[in-house]
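Novice: Before we start, here is the structure in question, set down as structure tokens.
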Amino acid sequence: MTVLIDKQETVRQLSDHLSMLTVTIGERSFFRPDKLDETARYIESVYRGIGLEVSAEDYPCHDFTAANVIGVSGPAAPPSRFYLVGAHYDCVLGTVGADDNASAVAVQMETARQLHKLRGSREIPVQVKFVSFALEEYPAYATSRMGSRVHAKGMKARKEKLDGMICLEMVGYCCNQPGSQKLPFPLQFMGYPRQGDFIAIVGNRRSKELMRDISAGFAKNPALPVQTLLAPLNGWILPAVRLSDHAPFWNEGFPAVMVTDSSFFRNPHYHLPSDTMATLDLDFMAEVVESLLIFLLSG
């Protein structure tokens, strides 16, 4: 398999994004709208620097305005496929949210940069909308203030076509120790690994073909082990698989998958002040970028 990216350069880019989000900006919680605004401006500047078509989706949230940041990479002609790559940029109160969810935003922005750079050397008929969602954590979760809910409802109302939504949720924590991977009941009886060194792809019935195509693309990168889960009944009998920005897209009938390191089933720093940049595996994150590009270029 041809390596699509310079891994050392990618690691440097990811490190720079993580440093800005978790060190320079810091806590990006619902309770710090000034930090949310600073984060949105940073993401917008990155997308503009890449050369994407950039816009903001503003919406009211209590006494401040939240903003989903949107960057579009794609051909002027009608694309063969239209995908959305999303990640929330907020974190919980009292943390800097390195894995949750700066890791995903960093991978999102680096994937956008690499994809747009590749367009200069080859024809890529796929259009990709990168949406950095303003609010996912408490107290916005599952309310009208959740950024992905605002966007999914808007797309449904506008009757927009979407071949697939890819939700990046905590993609930076990797552990090679046996027993480091926990599993919700009854998945511990279904042959999944008990070593937390893989990336998981979670879909619902409507997303079955999308999950199949993404996992086939990811499988072409042998450096990143992949596990998949097709959640029955829209995930309601496994509530943990609905705890991110793909769920509003499921609710509106769009095909969507979550790409994740499995969150609190692996990462002991989940929602704690110890969720810092130092705990992340940047090489693992670079492989996520590579795998995403393999899939997007295959479409």
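Going by the structure tokens order, chains are called A, B, ..., each with residues numbered from 1, while ligands are numbered from 1 in the order shown.
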For region 244-254 of chain A, work out the shell of residues within 10 Å, counting only C-alpha atoms and skipping chain neighbours fewer than 4 positions away, then give it as a PyMOL selection string.
Specialist: chain A and resi 86-88+133+135-137+141-142+146-157+161-170+202-207+234-235+240+258-260
Novice: Neighbours of Asp37 (chain A) within 9 Å (only C-alpha atoms; same-chain residues fewer than 5 positions away dropped), as a list in words?
Specialist: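 Final neighbour list, sorted by chain and number: Arg28, Arg32, Tyr42, Thr65, Ala66 and Ala67 of chain A.
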Novice: Please determine, counting only C-alpha atoms, which residue among A:Gln114, A:Ser262, A:Ser73, A:Gln181 has the shortest atom-to-atom distance to Leu4 (chain A).
Specialist: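 The shortest atom-to-atom distance to Leu4 (chain A) comes from A:Gln114.
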Novice: Could you check the closest approach to Pro273 (chain A) for each of A:Thr24, A:Val92, A:Gly71, A:Leu84 and tell me which residue wins, using only C-alpha atoms?
Specialist: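 Among the listed residues, the smallest separation from Pro273 (chain A) belongs to A:Val92.
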Novice: Skip region 117-119 of chain A itself and residues of its chain fewer than 4 positions away, then list as an NGL selection string all residues within 12 Å of it, counting only C-alpha atoms.
Specialist: :A and (4-5 or 49-52 or 73-75 or 110-113 or 123-128 or 293-294 or 296-297)
Novice: Kindly save the residues from that selection, with C-alpha atoms included, as a compact mmCIF listing (two decimals), in the first residue's frame.
Specialist:
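As a result, result.txt now contains:
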# COMPACT_ATOMS: atom_id res chain seq x y z
CA LEU A 4 -0.22 8.78 1.18
CA ILE A 5 1.29 11.05 3.81
CA GLY A 49 -5.07 28.55 5.30
CA ILE A 50 -5.62 25.17 3.67
CA GLY A 51 -7.69 26.82 0.94
CA LEU A 52 -11.11 25.44 1.84
CA SER A 73 -13.05 20.58 -0.07
CA GLY A 74 -14.28 19.39 -3.42
CA PRO A 75 -14.62 19.82 -7.16
CA GLU A 110 -4.91 17.42 9.19
CA THR A 111 -7.08 15.17 7.02
CA ALA A 112 -8.56 18.28 5.42
CA ARG A 113 -5.07 19.68 4.75
CA GLU A 123 -8.44 14.34 -9.82
CA ILE A 124 -10.51 13.63 -6.74
CA PRO A 125 -14.25 13.65 -7.53
CA VAL A 126 -15.35 13.33 -3.90
CA GLN A 127 -16.57 16.41 -2.03
CA VAL A 128 -15.95 16.51 1.72
CA LEU A 293 -7.49 9.51 3.25
CA ILE A 294 -7.39 5.99 1.80
CA LEU A 296 -11.94 9.25 0.88
CA LEU A 297 -9.73 8.77 -2.17
Novice: When you draw a straight line from CA of Ser180 (chain A) to CA of Phe265 (chain A), how long is it in Å?
Specialist: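 Distance reported for this atom pair: 8.5 Å.
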Novice: Extract the full set of alpha helix (DSSP H) residues from region 144-263 of chain A according to DSSP on the backbone, and format it as a ChimeraX atom specification.
Specialist: /A:147-157,208-218,247-251
Novice: Those same residues, written as a CSV table (one decimal), in the first residue's frame with C-alpha atoms?
Specialist:
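File written: again.csv
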chain,number,residue,atom,x,y,z
A,147,GLY,CA,-23.9,21.6,17.4
A,148,SER,CA,-24.3,18.3,15.4
A,149,ARG,CA,-28.0,18.3,16.2
A,150,VAL,CA,-28.3,21.8,14.7
A,151,HIS,CA,-26.4,20.8,11.6
A,152,ALA,CA,-28.2,17.5,11.0
A,153,LYS,CA,-31.6,19.0,11.4
A,154,GLY,CA,-30.6,21.8,9.0
A,155,MET,CA,-29.4,19.3,6.4
A,156,LYS,CA,-32.7,17.4,6.7
A,157,ALA,CA,-34.8,20.5,6.4
A,208,LYS,CA,-24.2,-0.8,7.0
A,209,GLU,CA,-22.9,-0.1,3.5
A,210,LEU,CA,-21.0,3.0,4.6
A,211,MET,CA,-19.4,1.1,7.5
A,212,ARG,CA,-18.4,-1.7,5.1
A,213,ASP,CA,-16.8,0.7,2.7
A,214,ILE,CA,-14.9,2.7,5.4
A,215,SER,CA,-13.7,-0.5,7.1
A,216,ALA,CA,-12.5,-1.8,3.7
A,217,GLY,CA,-10.6,1.4,3.1
A,218,PHE,CA,-9.1,1.3,6.6
A,247,ALA,CA,-26.3,10.1,16.8
A,248,PRO,CA,-28.2,13.2,15.6
A,249,PHE,CA,-27.5,12.1,12.0
A,250,TRP,CA,-28.9,8.6,12.8
A,251,ASN,CA,-32.0,10.3,14.2
Novice: Which residue is closest to Ser263 (chain A)? Choose from A:Thr95, A:Ser15, A:Asn101, A:Ser29 and count only C-alpha atoms.
Specialist: A:Asn101
Novice: Which residues come within 9 Å of Pro225 (chain A), counting only C-alpha atoms, excluding same-chain residues fewer than 2 positions away, as a list in words?
Specialist: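 Result of the neighbour search: Asp197, Phe198, Ile199, Ala200, Phe218, Ala219, Asn221, Pro222, Ala223 and Gln227 of chain A.
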Novice: When you count only C-alpha atoms, which of these residues is closest to Pro255 (chain A): A:Lys182, A:Phe82, A:Ser55, A:Gly94?
Specialist: A:Phe82
Novice: Nearest to Leu36 (chain A) among A:Glu9, A:Asp90, A:Asp58, A:Asp16, with distances taken over only C-alpha atoms: which residue is it?
Specialist: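 Checking each of A:Glu9, A:Asp90, A:Asp58, A:Asp16 against Leu36 (chain A), counting only C-alpha atoms, the winner is A:Asp90.
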Novice: Just how far from CA of Asp261 (chain A) is CA of Asp275 (chain A), in Å to one decimal?
Specialist: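 Going from CA of Asp275 (chain A) over to CA of Asp261 (chain A) covers 13.9 Å.
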Novice: Determine which residues of region 72-164 of chain A DSSP labels as strand (DSSP E or B) from the backbone of this structure, then write them out as a list of chain:residue names.
Specialist: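 Everything in region 72-164 of chain A that counts as strand (DSSP E or B) is A:Val72, A:Ser73, A:Phe82, A:Tyr83, A:Leu84, A:Val85, A:Gly86, A:Ala87, A:His88, A:Gln127, A:Val128, A:Lys129, A:Phe130, A:Val131, A:Ser132, A:Phe133, A:Gly164.
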Novice: Tell me, as a list in words, which residues lie within 8 Å of region 277-282 of chain A, counting only C-alpha atoms; anything in the same chain fewer than 5 positions away does not count.
Specialist: Val11, Leu14, Ser15, Leu18, Ser19, Thr22, Ala98, Asp99, Gly172, Tyr173 and Cys174 of chain A
Novice: Let's have the selection written as a PDB file, in the first residue's frame, with all heavy atoms.
Specialist:
ATOM      1  N   VAL A  11       2.701  14.106  12.063  1.00  0.00           N
ATOM      2  CA  VAL A  11       2.837  14.135  13.521  1.00  0.00           C
ATOM      3  C   VAL A  11       3.126  15.557  13.994  1.00  0.00           C
ATOM      4  O   VAL A  11       2.565  16.014  15.005  1.00  0.00           O
ATOM      5  CB  VAL A  11       3.924  13.154  13.989  1.00  0.00           C
ATOM      6  CG1 VAL A  11       4.318  13.429  15.438  1.00  0.00           C
ATOM      7  CG2 VAL A  11       3.441  11.711  13.841  1.00  0.00           C
ATOM      8  N   LEU A  14      -0.142  17.538  13.750  1.00  0.00           N
ATOM      9  CA  LEU A  14      -1.057  17.128  14.821  1.00  0.00           C
ATOM     10  C   LEU A  14      -0.608  17.694  16.163  1.00  0.00           C
ATOM     11  O   LEU A  14      -1.425  18.170  16.958  1.00  0.00           O
ATOM     12  CB  LEU A  14      -1.119  15.603  14.896  1.00  0.00           C
ATOM     13  CG  LEU A  14      -1.786  14.890  13.710  1.00  0.00           C
ATOM     14  CD1 LEU A  14      -1.554  13.380  13.796  1.00  0.00           C
ATOM     15  CD2 LEU A  14      -3.283  15.187  13.648  1.00  0.00           C
ATOM     16  N   SER A  15       0.690  17.656  16.412  1.00  0.00           N
ATOM     17  CA  SER A  15       1.233  18.188  17.664  1.00  0.00           C
ATOM     18  C   SER A  15       0.956  19.680  17.798  1.00  0.00           C
ATOM     19  O   SER A  15       0.585  20.164  18.875  1.00  0.00           O
ATOM     20  CB  SER A  15       2.735  17.909  17.735  1.00  0.00           C
ATOM     21  OG  SER A  15       3.292  18.436  18.921  1.00  0.00           O
ATOM     22  N   LEU A  18      -2.759  20.155  18.608  1.00  0.00           N
ATOM     23  CA  LEU A  18      -3.045  19.751  19.983  1.00  0.00           C
ATOM     24  C   LEU A  18      -2.509  20.766  20.987  1.00  0.00           C
ATOM     25  O   LEU A  18      -3.164  21.066  21.990  1.00  0.00           O
ATOM     26  CB  LEU A  18      -2.441  18.376  20.260  1.00  0.00           C
ATOM     27  CG  LEU A  18      -3.151  17.194  19.591  1.00  0.00           C
ATOM     28  CD1 LEU A  18      -2.286  15.948  19.683  1.00  0.00           C
ATOM     29  CD2 LEU A  18      -4.512  16.946  20.234  1.00  0.00           C
ATOM     30  N   SER A  19      -1.332  21.284  20.716  1.00  0.00           N
ATOM     31  CA  SER A  19      -0.744  22.285  21.612  1.00  0.00           C
ATOM     32  C   SER A  19      -1.604  23.548  21.652  1.00  0.00           C
ATOM     33  O   SER A  19      -1.855  24.112  22.724  1.00  0.00           O
ATOM     34  CB  SER A  19       0.682  22.612  21.155  1.00  0.00           C
ATOM     35  OG  SER A  19       1.263  23.580  22.002  1.00  0.00           O
ATOM     36  N   THR A  22      -5.105  22.551  23.489  1.00  0.00           N
ATOM     37  CA  THR A  22      -5.097  22.116  24.889  1.00  0.00           C
ATOM     38  C   THR A  22      -4.185  22.938  25.795  1.00  0.00           C
ATOM     39  O   THR A  22      -4.396  22.956  27.005  1.00  0.00           O
ATOM     40  CB  THR A  22      -4.685  20.633  24.991  1.00  0.00           C
ATOM     41  OG1 THR A  22      -3.312  20.486  24.610  1.00  0.00           O
ATOM     42  CG2 THR A  22      -5.555  19.760  24.113  1.00  0.00           C
ATOM     43  N   ALA A  98      -7.827  16.637  25.819  1.00  0.00           N
ATOM     44  CA  ALA A  98      -6.876  16.290  24.760  1.00  0.00           C
ATOM     45  C   ALA A  98      -7.411  15.171  23.870  1.00  0.00           C
ATOM     46  O   ALA A  98      -7.492  15.328  22.649  1.00  0.00           O
ATOM     47  CB  ALA A  98      -5.537  15.898  25.371  1.00  0.00           C
ATOM     48  N   ASP A  99      -7.784  14.042  24.481  1.00  0.00           N
ATOM     49  CA  ASP A  99      -8.384  12.989  23.667  1.00  0.00           C
ATOM     50  C   ASP A  99      -9.829  13.325  23.356  1.00  0.00           C
ATOM     51  O   ASP A  99     -10.298  13.091  22.243  1.00  0.00           O
ATOM     52  CB  ASP A  99      -8.277  11.641  24.403  1.00  0.00           C
ATOM     53  CG  ASP A  99      -8.557  10.447  23.489  1.00  0.00           C
ATOM     54  OD1 ASP A  99      -8.392  10.589  22.256  1.00  0.00           O
ATOM     55  OD2 ASP A  99      -8.912   9.370  24.001  1.00  0.00           O
ATOM     56  N   GLY A 172      -7.160   9.391  19.887  1.00  0.00           N
ATOM     57  CA  GLY A 172      -5.748   9.580  20.176  1.00  0.00           C
ATOM     58  C   GLY A 172      -5.146   8.696  21.241  1.00  0.00           C
ATOM     59  O   GLY A 172      -3.942   8.776  21.505  1.00  0.00           O
ATOM     60  N   TYR A 173      -5.947   7.839  21.890  1.00  0.00           N
ATOM     61  CA  TYR A 173      -5.403   7.047  22.997  1.00  0.00           C
ATOM     62  C   TYR A 173      -5.227   5.596  22.560  1.00  0.00           C
ATOM     63  O   TYR A 173      -6.170   4.950  22.101  1.00  0.00           O
ATOM     64  CB  TYR A 173      -6.310   7.105  24.220  1.00  0.00           C
ATOM     65  CG  TYR A 173      -5.661   6.534  25.458  1.00  0.00           C
ATOM     66  CD1 TYR A 173      -4.793   7.318  26.235  1.00  0.00           C
ATOM     67  CD2 TYR A 173      -5.878   5.219  25.837  1.00  0.00           C
ATOM     68  CE1 TYR A 173      -4.190   6.797  27.366  1.00  0.00           C
ATOM     69  CE2 TYR A 173      -5.271   4.693  26.972  1.00  0.00           C
ATOM     70  CZ  TYR A 173      -4.424   5.485  27.725  1.00  0.00           C
ATOM     71  OH  TYR A 173      -3.804   4.971  28.834  1.00  0.00           O
ATOM     72  N   CYS A 174      -4.018   5.098  22.726  1.00  0.00           N
ATOM     73  CA  CYS A 174      -3.678   3.735  22.330  1.00  0.00           C
ATOM     74  C   CYS A 174      -2.889   3.091  23.464  1.00  0.00           C
ATOM     75  O   CYS A 174      -2.011   3.724  24.056  1.00  0.00           O
ATOM     76  CB  CYS A 174      -2.841   3.765  21.045  1.00  0.00           C
ATOM     77  SG  CYS A 174      -2.287   2.154  20.450  1.00  0.00           S
TER      78      CYS A 174
END
Novice: Between A:Leu21, A:Gln195, A:Cys175, A:Ser144, which one has atoms that come closest to Ala104 (chain A), using only C-alpha atoms?
Specialist: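 Of the candidates, the smallest distance to Ala104 (chain A) is held by A:Leu21.
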Novice: Work out how far CA of Glu53 (chain A) is from CA of Ile70 (chain A), in Å to one decimal.
Specialist: 8.0 Å
Novice: Find the residues near Val54 (chain A): any atom within 12 Å, counting only C-alpha atoms, skip ones fewer than 2 places away on the same chain, and give them as a count of residues only.
Specialist: 24
